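Chemist: Pasting a structure below so you can have a look.
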Amino acid sequence: MKMEEYIRKIPSGLLTAQLGEREIQVVGISENGFEFRLEKKAARQLLTDAVPAQHQVLRDAAPPQRCIVTPFCKVCFYDLEQALWQELVLTEYGLEKAPALSRPGHREKLCAASFYQLYRVCVTSPEFRIAVQKLLLQYTRYIHLKLEEDDARLAEATVGYPVELEDCFADSLEEQKRKWFAQTDWEAVLRPYPSYALELDRPEWYETYLKESLSDFMADYWKENNVASAFYAKRLPDRIYLGNQFCRLLFPKKEILFALLEKARSERLGVTVSFACQPEVSLKEAERLLESLRSWCQKNGSIEIVVNDWGIAQLVGRYPEQFELCMGTLLNKRKKDPRLSYLKSRMPDKNTGLLAENSLNADFYQKALEKSLGFVRYEWESCGYPQRFPEGKNSLHLPFYQTNTSQYCTLYAQCREHNRGRQYLQTECPGYCQTKTFLYPEHLHMTGRYNSLFSLDQTVLRALETGSVENAAFRKEEQGVQPDRAVLNLL
């Protein structure tokens, strides 16, 4: 490959570099070097800082003049097969200005007047040449798979995904639940937690709870979710969550909400009200509802409010005496996907991993949230791998975790338009989700409910049935903080 034959548009997720103390974007690469570009105003300062005075030789002449310089330079290649970054420090290389890239339909003088300056790094290292060849081979193979195969075949080729199981479906969500919960001892699952809450997230549960005592309601709840009577949890919840974190149209009507609050108060249950992400059209209504809740709390005591967008968080934060602010699932982000299990086997840190933490593990971020908005509790999900929880109050939702949510309901689009892609904002809910769900291949343990996709975390059931905690993959001394509350939702 000649020096001028650069391969361009390699994603920065596969290839990046560092010059001096600054990360630079590689815009072209060959076996003999790579090109990067900088804004003209920033280029001179960077190169002045990066290159020692005796090596500041940057020539504009054509053909370009080579020079050997010694500032720190590192190139990082992502190995698609090993799922690892490989770093190569260049100890000897040449740095020079490169001709401006020509663009079709533009005159050369316009190209030269571009806002950036292109630089070329000339490398003679055999290790660099081998790394480039490996990168291009893997990326070319990926492109061919992406163009010629479907997503399942691509996953099979890259991470060993079992594509042969793609055609195995259950007949219904009820059948899936019977298989999922066949041997789950829910008493053992809930035992490790000081507090246990039940999440009521749709109208049929609101209505049933209002008609029955708590003990009768729980018996119906287990039965409705296809749990064998021998495995019912005899322990009753000490708190209920009211509302749906993902679909705002499943939030209880105002009169039903306050009836639920009164019933929970009469049964001495703690109450948490969950708000989904609110679009602009429903903001005024949410504001009026919060005012009504505030008036109720002034007479009956404070309640917890789970929020899933920053706007509602600011509204709730106005009344810290009445509302205890909790960060919801949609704000407490982390990587979640049932297919991660196929990828994790290729990760060198699969047992202690980078996946175990998210932004809330940064102490300064948590303190900023507490100071600026008043968050006092954080909602987590059991999502198929061990997690490290930060200091403070933490609730763990189990056994399902959310993977995708749409403001525009996919189930409504499928039922009304016969095309789940034809989505638009809904202001009224016809209740399709009361009788219909999306089904997925059985090996994924997924279902589509409401406007979201959920997956079952089987690992948490297996771990907790033994009386251990969710983070069973860590030794006891590594556990750190544990959730003080389990939140049960069997969908």
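All residue names refer to the structure tokens as shown: chains lettered A, B, ... in order, residues numbered from 1 in each chain, ligands numbered from 1 in order.
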Could you pull the residues within 8 Å of Tyr196 (chain A), counting only C-alpha atoms, minus those fewer than 3 positions along the same chain, as a count of residues only?

Modeler: 10

Chemist: Give me, as a PyMOL selection string, the residues of region 233-437 of chain A that a backbone DSSP run labels strand (DSSP E).

Modeler: chain A and resi 239-242+270-274+303-307+323-327+375-381+393-398+400-405

Chemist: Using C-alpha atoms, can you export the residues from the last selection as a PDB file, in the first residue's frame?

Modeler:
```
ATOM      1  CA  ARG A 239     -44.874  -0.440  50.718  1.00  0.00           C
ATOM      2  CA  ILE A 240     -46.594  -0.063  47.365  1.00  0.00           C
ATOM      3  CA  TYR A 241     -45.450   1.756  44.245  1.00  0.00           C
ATOM      4  CA  LEU A 242     -48.283   3.421  42.338  1.00  0.00           C
ATOM      5  CA  GLY A 270     -45.545   3.253  52.743  1.00  0.00           C
ATOM      6  CA  VAL A 271     -46.339   4.855  49.388  1.00  0.00           C
ATOM      7  CA  THR A 272     -44.152   5.675  46.392  1.00  0.00           C
ATOM      8  CA  VAL A 273     -45.736   7.394  43.382  1.00  0.00           C
ATOM      9  CA  SER A 274     -43.955   6.777  40.075  1.00  0.00           C
ATOM     10  CA  ILE A 303     -44.494  10.191  50.309  1.00  0.00           C
ATOM     11  CA  GLU A 304     -41.788   9.189  47.875  1.00  0.00           C
ATOM     12  CA  ILE A 305     -41.923  10.368  44.258  1.00  0.00           C
ATOM     13  CA  VAL A 306     -40.022   8.499  41.535  1.00  0.00           C
ATOM     14  CA  VAL A 307     -39.148  10.727  38.577  1.00  0.00           C
ATOM     15  CA  PHE A 323     -41.924  14.665  48.765  1.00  0.00           C
ATOM     16  CA  GLU A 324     -38.867  12.440  49.017  1.00  0.00           C
ATOM     17  CA  LEU A 325     -37.310  12.493  45.558  1.00  0.00           C
ATOM     18  CA  CYS A 326     -36.204   9.187  43.986  1.00  0.00           C
ATOM     19  CA  MET A 327     -34.250   8.784  40.754  1.00  0.00           C
ATOM     20  CA  PHE A 375     -32.505  13.107  45.474  1.00  0.00           C
ATOM     21  CA  VAL A 376     -32.623  10.831  48.515  1.00  0.00           C
ATOM     22  CA  ARG A 377     -33.128   7.376  46.922  1.00  0.00           C
ATOM     23  CA  TYR A 378     -32.105   5.612  43.727  1.00  0.00           C
ATOM     24  CA  GLU A 379     -34.081   2.979  41.824  1.00  0.00           C
ATOM     25  CA  TRP A 380     -32.034   0.115  40.345  1.00  0.00           C
ATOM     26  CA  GLU A 381     -32.900  -3.001  38.388  1.00  0.00           C
ATOM     27  CA  LYS A 393     -30.719   4.490  49.903  1.00  0.00           C
ATOM     28  CA  ASN A 394     -31.085   2.041  47.031  1.00  0.00           C
ATOM     29  CA  SER A 395     -34.109   0.078  45.797  1.00  0.00           C
ATOM     30  CA  LEU A 396     -33.698  -2.987  43.586  1.00  0.00           C
ATOM     31  CA  HIS A 397     -36.499  -3.804  41.118  1.00  0.00           C
ATOM     32  CA  LEU A 398     -36.758  -7.484  40.306  1.00  0.00           C
ATOM     33  CA  PHE A 400     -37.475  -7.928  35.286  1.00  0.00           C
ATOM     34  CA  TYR A 401     -35.425  -5.104  33.853  1.00  0.00           C
ATOM     35  CA  GLN A 402     -36.314  -2.616  31.129  1.00  0.00           C
ATOM     36  CA  THR A 403     -34.220  -2.526  27.956  1.00  0.00           C
ATOM     37  CA  ASN A 404     -36.130  -0.164  25.637  1.00  0.00           C
ATOM     38  CA  THR A 405     -38.883   2.432  26.036  1.00  0.00           C
TER      39      THR A 405
END
```

Chemist: Using only C-alpha atoms, can you tell me which of A:Pro430, A:Pro71, A:Gly384, A:Gly243 comes closest to Leu340 (chain A)?

Modeler: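 Smallest separation from Leu340 (chain A) among the options: A:Gly384.
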
Chemist: Taking only C-alpha atoms into account, which of A:Arg334, A:Lys177, A:Arg422, A:Lys284 comes nearest Gln387 (chain A)?

Modeler: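 Among the listed residues, A:Arg334 lies closest to Gln387 (chain A).
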
Chemist: Identify which of the residues A:Pro162, A:Pro399, A:Gly421, A:Gly480 lies closest to Pro441 (chain A), counting only C-alpha atoms when measuring atom-to-atom distances.

Modeler: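 Comparing A:Pro162, A:Pro399, A:Gly421, A:Gly480 against Pro441 (chain A), the winner is A:Pro162.
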
Chemist: Residues within 7 Å of Tyr116 (chain A), please, as JSON, numbers by chain. Count only C-alpha atoms; anything in the same chain fewer than 4 positions from it doesn't count.

Modeler: {"A": [37, 38, 39, 40]}

Chemist: For region 222-230 of chain A, work out the shell of residues within 7 Å, counting only C-alpha atoms and skipping chain neighbours fewer than 3 positions away, then give it as a PyMOL selection string.

Modeler: chain A and resi 174+177-178+181-182+218-219+490

Chemist: Generate the output file for the selected residues, C-alpha atoms, as a PDB file, in the first residue's frame.

Modeler:
```pdb
ATOM      1  CA  GLU A 174     -48.792 -16.700  30.587  1.00  0.00           C
ATOM      2  CA  LYS A 177     -44.354 -17.063  33.136  1.00  0.00           C
ATOM      3  CA  ARG A 178     -45.256 -20.630  34.040  1.00  0.00           C
ATOM      4  CA  PHE A 181     -41.440 -19.054  37.737  1.00  0.00           C
ATOM      5  CA  ALA A 182     -41.976 -22.828  37.945  1.00  0.00           C
ATOM      6  CA  MET A 218     -51.417 -10.744  47.196  1.00  0.00           C
ATOM      7  CA  ALA A 219     -52.921 -14.224  46.826  1.00  0.00           C
ATOM      8  CA  LEU A 490     -44.081  -9.585  37.775  1.00  0.00           C
TER       9      LEU A 490
END
```

Chemist: Neighbours of Gln423 (chain A) within 12 Å (only C-alpha atoms; same-chain residues fewer than 6 positions away dropped), as a list in words?

Modeler: Ser406, Gln407, Tyr408, Cys409, Thr410, Leu411, Tyr412, Ala413, Gln414, Cys415, Arg416, Glu417 and Asn451 of chain A

Chemist: Generate a file of the selected residues that holds N, CA, C and O atoms, formatted as a PDB file, in the first residue's frame.

Modeler:
```pdb
ATOM      1  N   SER A 406     -40.328   3.560  24.456  1.00  0.00           N
ATOM      2  CA  SER A 406     -40.662   4.536  23.420  1.00  0.00           C
ATOM      3  C   SER A 406     -41.743   5.465  23.946  1.00  0.00           C
ATOM      4  O   SER A 406     -42.744   5.009  24.502  1.00  0.00           O
ATOM      5  N   GLN A 407     -41.572   6.762  23.774  1.00  0.00           N
ATOM      6  CA  GLN A 407     -42.643   7.705  24.100  1.00  0.00           C
ATOM      7  C   GLN A 407     -43.862   7.444  23.231  1.00  0.00           C
ATOM      8  O   GLN A 407     -44.991   7.675  23.624  1.00  0.00           O
ATOM      9  N   TYR A 408     -43.614   6.969  22.004  1.00  0.00           N
ATOM     10  CA  TYR A 408     -44.685   6.646  21.067  1.00  0.00           C
ATOM     11  C   TYR A 408     -44.893   5.136  21.102  1.00  0.00           C
ATOM     12  O   TYR A 408     -44.037   4.377  20.671  1.00  0.00           O
ATOM     13  N   CYS A 409     -46.039   4.701  21.602  1.00  0.00           N
ATOM     14  CA  CYS A 409     -46.245   3.295  21.948  1.00  0.00           C
ATOM     15  C   CYS A 409     -46.152   2.367  20.733  1.00  0.00           C
ATOM     16  O   CYS A 409     -46.932   2.489  19.776  1.00  0.00           O
ATOM     17  N   THR A 410     -45.215   1.427  20.776  1.00  0.00           N
ATOM     18  CA  THR A 410     -45.052   0.465  19.684  1.00  0.00           C
ATOM     19  C   THR A 410     -46.233  -0.498  19.609  1.00  0.00           C
ATOM     20  O   THR A 410     -46.631  -0.918  18.522  1.00  0.00           O
ATOM     21  N   LEU A 411     -46.799  -0.871  20.758  1.00  0.00           N
ATOM     22  CA  LEU A 411     -47.940  -1.781  20.764  1.00  0.00           C
ATOM     23  C   LEU A 411     -49.160  -1.117  20.127  1.00  0.00           C
ATOM     24  O   LEU A 411     -49.899  -1.739  19.356  1.00  0.00           O
ATOM     25  N   TYR A 412     -49.372   0.156  20.420  1.00  0.00           N
ATOM     26  CA  TYR A 412     -50.475   0.897  19.795  1.00  0.00           C
ATOM     27  C   TYR A 412     -50.280   0.958  18.284  1.00  0.00           C
ATOM     28  O   TYR A 412     -51.222   0.742  17.510  1.00  0.00           O
ATOM     29  N   ALA A 413     -49.056   1.227  17.843  1.00  0.00           N
ATOM     30  CA  ALA A 413     -48.778   1.310  16.405  1.00  0.00           C
ATOM     31  C   ALA A 413     -49.044  -0.022  15.716  1.00  0.00           C
ATOM     32  O   ALA A 413     -49.602  -0.066  14.613  1.00  0.00           O
ATOM     33  N   GLN A 414     -48.675  -1.117  16.374  1.00  0.00           N
ATOM     34  CA  GLN A 414     -48.879  -2.433  15.776  1.00  0.00           C
ATOM     35  C   GLN A 414     -50.371  -2.784  15.706  1.00  0.00           C
ATOM     36  O   GLN A 414     -50.847  -3.306  14.692  1.00  0.00           O
ATOM     37  N   CYS A 415     -51.092  -2.477  16.771  1.00  0.00           N
ATOM     38  CA  CYS A 415     -52.517  -2.827  16.800  1.00  0.00           C
ATOM     39  C   CYS A 415     -53.356  -1.906  15.911  1.00  0.00           C
ATOM     40  O   CYS A 415     -54.306  -2.368  15.258  1.00  0.00           O
ATOM     41  N   ARG A 416     -53.026  -0.624  15.859  1.00  0.00           N
ATOM     42  CA  ARG A 416     -53.831   0.322  15.106  1.00  0.00           C
ATOM     43  C   ARG A 416     -53.370   0.449  13.654  1.00  0.00           C
ATOM     44  O   ARG A 416     -54.180   0.487  12.728  1.00  0.00           O
ATOM     45  N   GLU A 417     -52.061   0.510  13.443  1.00  0.00           N
ATOM     46  CA  GLU A 417     -51.531   0.738  12.103  1.00  0.00           C
ATOM     47  C   GLU A 417     -50.962  -0.530  11.459  1.00  0.00           C
ATOM     48  O   GLU A 417     -50.555  -0.496  10.299  1.00  0.00           O
ATOM     49  N   ASN A 451     -45.289   0.287  26.494  1.00  0.00           N
ATOM     50  CA  ASN A 451     -44.468   0.904  25.449  1.00  0.00           C
ATOM     51  C   ASN A 451     -42.995   0.519  25.606  1.00  0.00           C
ATOM     52  O   ASN A 451     -42.102   1.236  25.150  1.00  0.00           O
TER      53      ASN A 451
END
```

Chemist: Please indicate the distance in Å from CA of Thr427 (chain A) to CA of Arg248 (chain A), rounded to one decimal place.

Modeler: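 Distance between the two atoms: 9.5 Å.
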
Chemist: For Glu321 (chain A), find every residue with an atom within 9 Å (counting only C-alpha atoms), except residues of its own chain fewer than 2 positions away, and show them as a list in words.

Modeler: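 Final neighbour list, sorted by chain and number: Cys297, Gln298, Gly301, Ser302, Arg318, Tyr319, Phe323 and Glu324 of chain A.
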
Chemist: For the residues selected in the previous step, produce a file with C-alpha atoms as a short mmCIF file (atom, residue, chain, number, x, y, z; two decimals), in the first residue's frame.

Modeler:
```cif
data_model
loop_
_atom_site.label_atom_id
_atom_site.label_comp_id
_atom_site.auth_asym_id
_atom_site.auth_seq_id
_atom_site.Cartn_x
_atom_site.Cartn_y
_atom_site.Cartn_z
CA CYS A 297 -49.20 15.05 52.20
CA GLN A 298 -49.58 18.11 54.41
CA GLY A 301 -47.31 12.79 55.89
CA SER A 302 -44.69 12.68 53.18
CA ARG A 318 -39.75 22.42 45.23
CA TYR A 319 -41.47 20.59 48.10
CA PHE A 323 -41.92 14.66 48.76
CA GLU A 324 -38.87 12.44 49.02
#
```

Chemist: Which is closer to Gly317 (chain A) than all the others in A:Val281, A:Leu290, A:Leu19, A:Leu84, using only C-alpha atoms?

Modeler: A:Leu290

Chemist: Taking only C-alpha atoms into account, name the residue in A:Gln18, A:Ser372, A:Asn300, A:Ser292 that is nearest to Gln314 (chain A).

Modeler: A:Ser372
